[in-house]
file query.csv (CSV, C-alpha atoms)
chain,number,residue,atom,x,y,z
A,1,ALA,CA,131.5,107.0,86.7
A,2,LEU,CA,129.8,109.3,84.2
A,3,VAL,CA,130.6,108.3,80.6
A,4,GLU,CA,128.6,108.7,77.4
A,5,GLY,CA,125.4,109.7,79.1
A,6,LYS,CA,125.4,107.0,81.7
A,7,LEU,CA,125.7,107.2,85.5
A,8,HIS,CA,127.0,103.9,86.9
A,9,ILE,CA,127.1,103.3,90.6
A,10,GLY,CA,128.9,100.1,91.6
A,11,ASP,CA,128.3,100.0,95.4
A,12,LEU,CA,126.5,102.5,97.7
A,13,ALA,CA,125.8,102.3,101.4
A,14,VAL,CA,123.8,104.8,103.5
A,15,SER,CA,123.2,104.5,107.3
A,16,GLY,CA,121.5,106.5,109.9
A,17,LEU,CA,119.4,108.7,107.6
A,18,HIS,CA,116.6,110.4,109.7
A,19,ILE,CA,114.3,112.9,107.9
A,20,GLN,CA,111.8,115.2,109.6
A,21,ARG,CA,109.2,117.2,107.8
A,22,ALA,CA,106.7,119.8,108.8
A,23,PRO,CA,103.2,118.4,109.7
A,24,SER,CA,101.1,118.3,106.5
A,25,SER,CA,97.9,120.2,106.3
A,26,ALA,CA,94.7,118.2,106.8
A,27,GLY,CA,92.7,117.3,103.7
A,28,ALA,CA,95.6,117.6,101.3
A,29,ALA,CA,94.7,115.7,98.1
A,30,ALA,CA,97.0,113.4,96.3
A,31,GLY,CA,97.9,114.6,92.9
A,32,ALA,CA,99.0,112.8,89.7
A,33,LEU,CA,102.3,111.0,89.9
A,34,PRO,CA,105.2,112.9,88.4
A,35,ASP,CA,106.9,112.1,85.1
A,36,ILE,CA,110.5,111.1,85.8
A,37,ARG,CA,112.7,111.9,82.9
A,38,LEU,CA,116.5,111.9,83.3
A,39,PRO,CA,118.9,113.2,80.7
A,40,LEU,CA,121.1,110.1,81.2
A,41,ALA,CA,120.8,106.4,81.9
A,42,VAL,CA,121.4,105.2,85.5
A,43,GLN,CA,122.8,101.8,86.6
A,44,ILE,CA,123.1,100.8,90.3
A,45,ASP,CA,124.8,97.4,90.9
A,46,HIS,CA,124.3,97.3,94.6
A,47,ALA,CA,123.0,99.7,97.3
A,48,GLU,CA,122.2,99.3,101.0
A,49,LEU,CA,120.2,101.5,103.4
A,50,HIS,CA,120.3,101.0,107.2
A,51,ASP,CA,118.4,102.7,110.0
A,52,PHE,CA,116.1,105.0,107.9
A,53,ARG,CA,113.4,107.0,109.6
A,54,PHE,CA,110.9,109.5,108.0
A,55,ALA,CA,108.5,111.3,110.3
A,56,ALA,CA,106.6,114.6,110.9
A,57,ARG,CA,108.3,116.9,113.3
A,58,GLY,CA,107.2,115.8,116.8
A,59,ASP,CA,106.2,112.3,115.7
A,60,SER,CA,108.1,109.7,117.7
A,61,THR,CA,107.2,106.8,115.4
A,62,GLY,CA,106.9,107.7,111.7
A,63,PHE,CA,108.0,105.4,108.8
A,64,VAL,CA,110.9,103.2,109.7
A,65,ILE,CA,113.1,100.9,107.6
A,66,THR,CA,115.6,98.7,109.4
A,67,ASP,CA,117.4,97.5,106.3
A,68,ALA,CA,117.0,97.8,102.6
A,69,GLU,CA,119.0,96.2,99.7
A,70,LEU,CA,118.9,97.0,96.0
A,71,ARG,CA,120.5,94.8,93.4
A,72,ASN,CA,120.9,95.5,89.7
A,73,ALA,CA,118.6,98.4,89.2
A,74,ALA,CA,118.6,100.5,86.0
A,75,LEU,CA,116.7,103.4,84.5
A,76,ARG,CA,117.1,103.4,80.7
A,77,ARG,CA,114.9,105.1,78.1
A,78,GLY,CA,112.4,105.9,80.8
A,79,GLN,CA,112.0,102.3,82.0
A,80,LEU,CA,113.0,101.2,85.5
A,81,THR,CA,114.1,97.6,86.0
A,82,LEU,CA,114.8,95.9,89.3
A,83,GLU,CA,116.5,92.6,89.8
A,84,GLN,CA,115.5,92.9,93.5
A,85,LEU,CA,114.6,95.5,96.1
A,86,ALA,CA,114.4,93.9,99.6
A,87,VAL,CA,113.1,95.9,102.6
A,88,THR,CA,113.0,94.9,106.3
A,89,ALA,CA,111.0,96.9,108.8
A,90,PRO,CA,110.2,96.2,112.5
A,91,GLN,CA,106.9,94.5,111.7
A,92,TYR,CA,107.2,93.3,108.1
A,93,ARG,CA,109.5,92.6,105.2
A,94,PHE,CA,109.0,92.5,101.4
A,95,SER,CA,110.9,92.2,98.1
A,96,VAL,CA,110.0,93.5,94.7
A,97,ALA,CA,111.4,92.6,91.2
A,98,GLY,CA,110.3,93.6,87.7
A,99,ASN,CA,109.9,96.7,85.7
A,100,MET,CA,108.0,100.0,85.7
A,101,THR,CA,108.0,103.1,83.5
A,102,PRO,CA,107.6,106.1,85.9
A,103,GLN,CA,105.9,108.3,83.3
A,104,ARG,CA,102.3,109.1,82.3
A,105,ASP,CA,100.2,106.0,83.0
A,106,TYR,CA,103.1,104.2,84.9
A,107,PRO,CA,102.9,100.8,83.1
A,108,LEU,CA,104.3,98.1,85.4
A,109,ASP,CA,104.9,94.4,85.9
A,110,LEU,CA,106.1,93.6,89.4
A,111,ALA,CA,106.5,90.4,91.4
A,112,VAL,CA,106.2,90.8,95.2
A,113,GLN,CA,107.0,88.6,98.2
A,114,TRP,CA,106.2,89.6,101.7
A,115,SER,CA,105.8,88.5,105.3
A,116,ALA,CA,104.6,90.2,108.4
A,117,ASP,CA,104.1,89.7,112.1
A,118,GLY,CA,100.6,88.3,112.6
A,119,GLY,CA,100.6,88.3,116.4
A,120,ASP,CA,98.6,85.4,117.8
A,121,PHE,CA,98.3,83.9,114.3
A,122,GLY,CA,102.1,83.7,113.7
A,123,THR,CA,103.7,84.8,110.5
A,124,LEU,CA,101.6,86.1,107.7
A,125,ALA,CA,103.2,85.5,104.3
A,126,GLY,CA,102.4,85.7,100.6
A,127,SER,CA,103.5,86.5,97.1
A,128,GLY,CA,101.9,87.9,94.0
A,129,ARG,CA,102.2,89.8,90.7
A,130,PHE,CA,100.9,93.3,89.8
A,131,SER,CA,100.7,94.2,86.1
A,132,GLY,CA,99.0,96.9,84.1
A,133,ASP,CA,99.0,100.7,84.6
A,134,LEU,CA,97.3,103.4,86.5
A,135,HIS,CA,94.0,102.8,84.6
A,136,LYS,CA,93.9,99.2,85.6
A,137,ILE,CA,96.2,97.0,87.7
A,138,ASP,CA,95.7,93.3,87.5
A,139,ILE,CA,96.5,91.4,90.7
A,140,GLN,CA,97.3,87.7,91.3
A,141,HIS,CA,98.2,86.9,94.9
A,142,GLN,CA,98.7,83.8,97.0
A,143,LEU,CA,98.6,83.8,100.8
A,144,THR,CA,100.8,81.0,102.0
A,145,SER,CA,100.8,81.4,105.8
A,146,PRO,CA,99.1,80.9,108.2
A,147,VAL,CA,96.5,79.6,105.8
A,148,ARG,CA,96.4,79.2,102.0
A,149,ALA,CA,94.2,81.4,99.9
A,150,GLU,CA,94.3,82.8,96.3
A,151,LEU,CA,93.2,86.2,95.1
A,152,ARG,CA,92.6,87.2,91.5
A,153,GLY,CA,91.3,90.7,90.7
A,154,ALA,CA,92.0,94.2,89.6
A,155,ILE,CA,92.2,97.8,90.8
A,156,THR,CA,91.0,100.6,88.6
A,157,ASP,CA,91.8,104.3,88.7
A,158,PRO,CA,93.7,104.2,92.0
A,159,LEU,CA,94.5,107.9,92.0
A,160,ASP,CA,91.1,109.2,91.0
A,161,LYS,CA,87.9,107.1,91.4
A,162,LEU,CA,89.2,103.9,93.0
A,163,GLY,CA,87.4,100.8,92.1
A,164,TRP,CA,88.1,97.1,92.5
A,165,GLN,CA,86.9,93.6,91.7
A,166,GLY,CA,88.2,90.3,92.6
A,167,GLU,CA,87.7,86.7,93.7
A,168,VAL,CA,89.1,85.0,96.8
A,169,SER,CA,89.2,81.2,97.1
A,170,TRP,CA,90.6,79.0,99.9
A,171,PRO,CA,90.8,75.3,100.6
A,172,ALA,CA,89.7,73.9,104.0
A,173,ILE,CA,90.9,75.9,107.0
A,174,ASP,CA,90.8,74.3,110.4
A,175,LEU,CA,89.9,77.2,112.7
A,176,HIS,CA,90.9,75.5,115.9
A,177,LYS,CA,94.4,75.0,114.6
A,178,LEU,CA,94.5,78.6,113.5
A,179,HIS,CA,93.6,79.8,116.9
A,180,ALA,CA,93.2,77.6,120.0
A,181,ALA,CA,90.2,79.6,121.3
A,182,TRP,CA,88.2,79.0,118.1
A,183,PRO,CA,85.9,76.0,117.5
A,184,ALA,CA,86.9,72.8,115.6
A,185,LEU,CA,85.3,74.0,112.5
A,186,SER,CA,86.7,73.6,109.0
A,187,LEU,CA,85.8,76.2,106.4
A,188,SER,CA,86.4,76.4,102.6
A,189,GLY,CA,84.9,78.6,100.0
A,190,LYS,CA,85.0,81.2,97.3
A,191,VAL,CA,83.8,84.8,97.3
A,192,HIS,CA,83.6,87.3,94.4
A,193,GLY,CA,83.2,91.0,95.1
A,194,SER,CA,83.5,94.5,93.6
A,195,GLY,CA,83.2,98.0,94.8
A,196,ASP,CA,84.5,101.5,95.1
A,197,LEU,CA,84.9,104.1,97.8
A,198,SER,CA,81.1,104.4,98.3
A,199,HIS,CA,79.8,100.8,98.1
A,200,VAL,CA,80.8,97.1,98.2
A,201,GLN,CA,79.1,94.1,96.7
A,202,ALA,CA,80.0,90.5,97.3
A,203,GLU,CA,78.6,87.0,96.9
A,204,GLY,CA,79.9,83.5,97.1
A,205,GLU,CA,79.7,80.3,99.0
A,206,VAL,CA,81.3,78.9,102.2
A,207,ARG,CA,81.4,75.2,103.1
A,208,SER,CA,81.8,74.1,106.7
A,209,LEU,CA,82.5,70.9,108.6
A,210,TYR,CA,82.3,70.7,112.3
A,211,GLU,CA,84.4,68.1,114.2
A,212,ASN,CA,83.5,67.3,117.8
A,213,LEU,CA,86.7,67.1,119.7
A,214,HIS,CA,85.2,65.1,122.6
call {"tool": "encode", "arguments": {"input": "query.csv", "output": "structure tokens"}}
result
Amino acid sequence: ALVEGKLHIGDLAVSGLHIQRAPSSAGAAAGALPDIRLPLAVQIDHAELHDFRFAARGDSTGFVITDAELRNAALRRGQLTLEQLAVTAPQYRFSVAGNMTPQRDYPLDLAVQWSADGGDFGTLAGSGRFSGDLHKIDIQHQLTSPVRAELRGAITDPLDKLGWQGEVSWPAIDLHKLHAAWPALSLSGKVHGSGDLSHVQAEGEVRSLYENLH
């Protein structure tokens, strides 16, 4: 319904959406993100997407989403709010909740949960929060599987002169339990680093404990 400057969508489902585009030219530079300004407010209570594929013409793989579900999303006065966007793809899944203003510096505050197929290491999983804007995005992230680790850091100017700094810390990790072919060595530590597209600098400490299995 469109009443008093508001578009309200109660329930929407899309299935079998396959998009092909012409191959992009090599070396195309990414520009600034667009300002999204709508003449009316938008509210979506619930939406689903199934079997989505986006690929260049002739590409048999491309970008694939198996399922996606959106709950209680709204764009009002330039700010986008999400109760939850959950996406499932062949090798991973993630969900996002929070708010973002898709204009100028794109201020955002988003909570993310994710999991992915880690092959021989089992399921990789974690959660975190991203807050800030396109000048600086602060990151707090916890890896919960197959080991536990914590990352705190920031990304600066991601669309121009990408820079980063952060600290990773982890409690004791038994390498043999993580992978049977690895030695019975326990590692814990903390590493701090920073860098950009041309250089990386890191320092820290790693503590080890070797256990003889025989």
call {"tool": "residues_around", "arguments": {"input": "query.csv", "residues": "Ser95 in chain A", "least_positions_apart": "2", "cutoff": "9 Å", "atoms": "only C-alpha atoms", "output": "number ranges by chain"}}
result
A: 84-88, 93, 97, 111-114
call {"tool": "residues_around", "arguments": {"input": "query.csv", "residues": "Ala32 in chain A", "least_positions_apart": "5", "cutoff": "9 Å", "atoms": "only C-alpha atoms", "output": "list of chain:residue names"}}
result
A:Arg104, A:Leu159, A:Asp160
call {"tool": "atom_distance", "arguments": {"input": "query.csv", "atom1": "CA of Asp11 in chain A", "atom2": "CA of His50 in chain A"}}
result
14.3 Å
call {"tool": "closest_residue", "arguments": {"input": "query.csv", "among": "A:Leu17, A:Leu82, A:Leu162, A:Leu197", "to": "His46 in chain A", "atoms": "only C-alpha atoms"}}
result
A:Leu82
call {"tool": "residues_around", "arguments": {"input": "query.csv", "residues": "range 173-180 of chain A", "least_positions_apart": "2", "cutoff": "12 Å", "atoms": "only C-alpha atoms", "output": "compact mmCIF listing (two decimals) with C-alpha atoms, keeping the file's coordinate frame"}}
result
# COMPACT_ATOMS: atom_id res chain seq x y z
CA GLY A 118 100.60 88.30 112.60
CA GLY A 119 100.60 88.30 116.40
CA ASP A 120 98.60 85.40 117.80
CA PHE A 121 98.30 83.90 114.30
CA GLY A 122 102.10 83.70 113.70
CA THR A 123 103.70 84.80 110.50
CA LEU A 124 101.60 86.10 107.70
CA SER A 145 100.80 81.40 105.80
CA PRO A 146 99.10 80.90 108.20
CA VAL A 147 96.50 79.60 105.80
CA ARG A 148 96.40 79.20 102.00
CA ALA A 149 94.20 81.40 99.90
CA SER A 169 89.20 81.20 97.10
CA TRP A 170 90.60 79.00 99.90
CA PRO A 171 90.80 75.30 100.60
CA TRP A 182 88.20 79.00 118.10
CA PRO A 183 85.90 76.00 117.50
CA ALA A 184 86.90 72.80 115.60
CA LEU A 185 85.30 74.00 112.50
CA SER A 186 86.70 73.60 109.00
CA LEU A 187 85.80 76.20 106.40
CA SER A 188 86.40 76.40 102.60
CA GLY A 189 84.90 78.60 100.00
CA VAL A 206 81.30 78.90 102.20
CA ARG A 207 81.40 75.20 103.10
CA SER A 208 81.80 74.10 106.70
CA LEU A 209 82.50 70.90 108.60
CA TYR A 210 82.30 70.70 112.30
CA GLU A 211 84.40 68.10 114.20
CA ASN A 212 83.50 67.30 117.80
CA LEU A 213 86.70 67.10 119.70
call {"tool": "atom_distance", "arguments": {"input": "query.csv", "atom1": "CA of Thr101 in chain A", "atom2": "CA of Thr156 in chain A"}}
result
17.9 Å
call {"tool": "closest_residue", "arguments": {"input": "query.csv", "among": "A:Glu203, A:Asp105, A:Asp45, A:Asp133", "to": "Ala73 in chain A", "atoms": "only C-alpha atoms"}}
result
A:Asp45
call {"tool": "closest_residue", "arguments": {"input": "query.csv", "among": "A:Glu150, A:Asp138, A:Asp117, A:Glu69", "to": "Tyr92 in chain A", "atoms": "all atoms listed in the file"}}
result
A:Asp117
call {"tool": "residues_around", "arguments": {"input": "query.csv", "residues": "Lys161 in chain A", "least_positions_apart": "6", "cutoff": "12 Å", "atoms": "all atoms listed in the file", "output": "list in words"}}
result
Leu134, His135, Lys136, Ile155, Gly195, Asp196, Leu197 and Ser198 of chain A
call {"tool": "atom_distance", "arguments": {"input": "query.csv", "atom1": "CA of Ala125 in chain A", "atom2": "CA of Arg53 in chain A"}}
result
24.4 Å
call {"tool": "closest_residue", "arguments": {"input": "query.csv", "among": "A:Leu80, A:Pro39, A:Asp67, A:Ser115", "to": "Asn99 in chain A", "atoms": "only C-alpha atoms"}}
result
A:Leu80
call {"tool": "residues_around", "arguments": {"input": "query.csv", "residues": "Val64 in chain A", "least_positions_apart": "2", "cutoff": "9 Å", "atoms": "only C-alpha atoms", "output": "ChimeraX atom specification"}}
result
/A:51-55,61-62,66,89-90
call {"tool": "write_last_selection", "arguments": {"input": "query.csv", "atoms": "C-alpha atoms", "output": "compact mmCIF listing (two decimals), in the coordinates of the input"}}
result
# COMPACT_ATOMS: atom_id res chain seq x y z
CA ASP A 51 118.40 102.70 110.00
CA PHE A 52 116.10 105.00 107.90
CA ARG A 53 113.40 107.00 109.60
CA PHE A 54 110.90 109.50 108.00
CA ALA A 55 108.50 111.30 110.30
CA THR A 61 107.20 106.80 115.40
CA GLY A 62 106.90 107.70 111.70
CA THR A 66 115.60 98.70 109.40
CA ALA A 89 111.00 96.90 108.80
CA PRO A 90 110.20 96.20 112.50
call {"tool": "closest_residue", "arguments": {"input": "query.csv", "among": "A:His141, A:Arg71, A:Lys6, A:Arg57", "to": "Leu40 in chain A", "atoms": "all atoms listed in the file"}}
result
A:Lys6
call {"tool": "closest_residue", "arguments": {"input": "query.csv", "among": "A:Asp35, A:Ala154, A:Ile19, A:Gly126", "to": "Gln142 in chain A", "atoms": "only C-alpha atoms"}}
result
A:Gly126
